[in-house]
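Participant: Below: one structure in structure tokens.
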Amino acid sequence: KAGKYTIVEMEKDVNAAKAMSSCAKAMDSSSSGPSKVLPCKLDTTTKKLVDLIFNEDMFKSAMSKLNIDPSKLPLGALSKAQIKRGFKALESIEEELDGRA
């Protein structure tokens, strides 16, 4: 359907895609150990929203309701251009939140 899907650029270099995937797996496995995390400075409402957005169980539940297997998603092989566009989107959100836009 028109406007329902977004094209996601994938890394075409197989070695680069494997490197990104292995890096993501290494980050997942290293997160189980102790790490230094600064205290959150967000207000309670915003923190709850961010926690909800990044809740892995909620993500998996939503994907399964849509009959999508999250383990088959290509997130480990996004292209550099796709990551840059995502970063720019996050920067524009930050500017809006800071009132700079």
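Ligands are numbered from 1 in the order shown, chains are lettered A, B, ... in the order of the structure tokens, and residues start at 1 in each chain.
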Could you name the residues that touch segment 43-60 of chain A at 10 Å or less, counting only C-alpha atoms, but leaving out those on the same chain fewer than 3 positions away, as JSON, numbers by chain?

Facilitator: {"A": [40, 63, 64, 65, 66, 68, 69, 70, 71]}

Participant: Quote the spacing between atom CA of Lys36 of chain A and atom CA of Ser79 of chain A in Å to one decimal place.

Facilitator: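 Straight-line distance from atom CA of Lys36 of chain A to atom CA of Ser79 of chain A works out to 29.7 Å.
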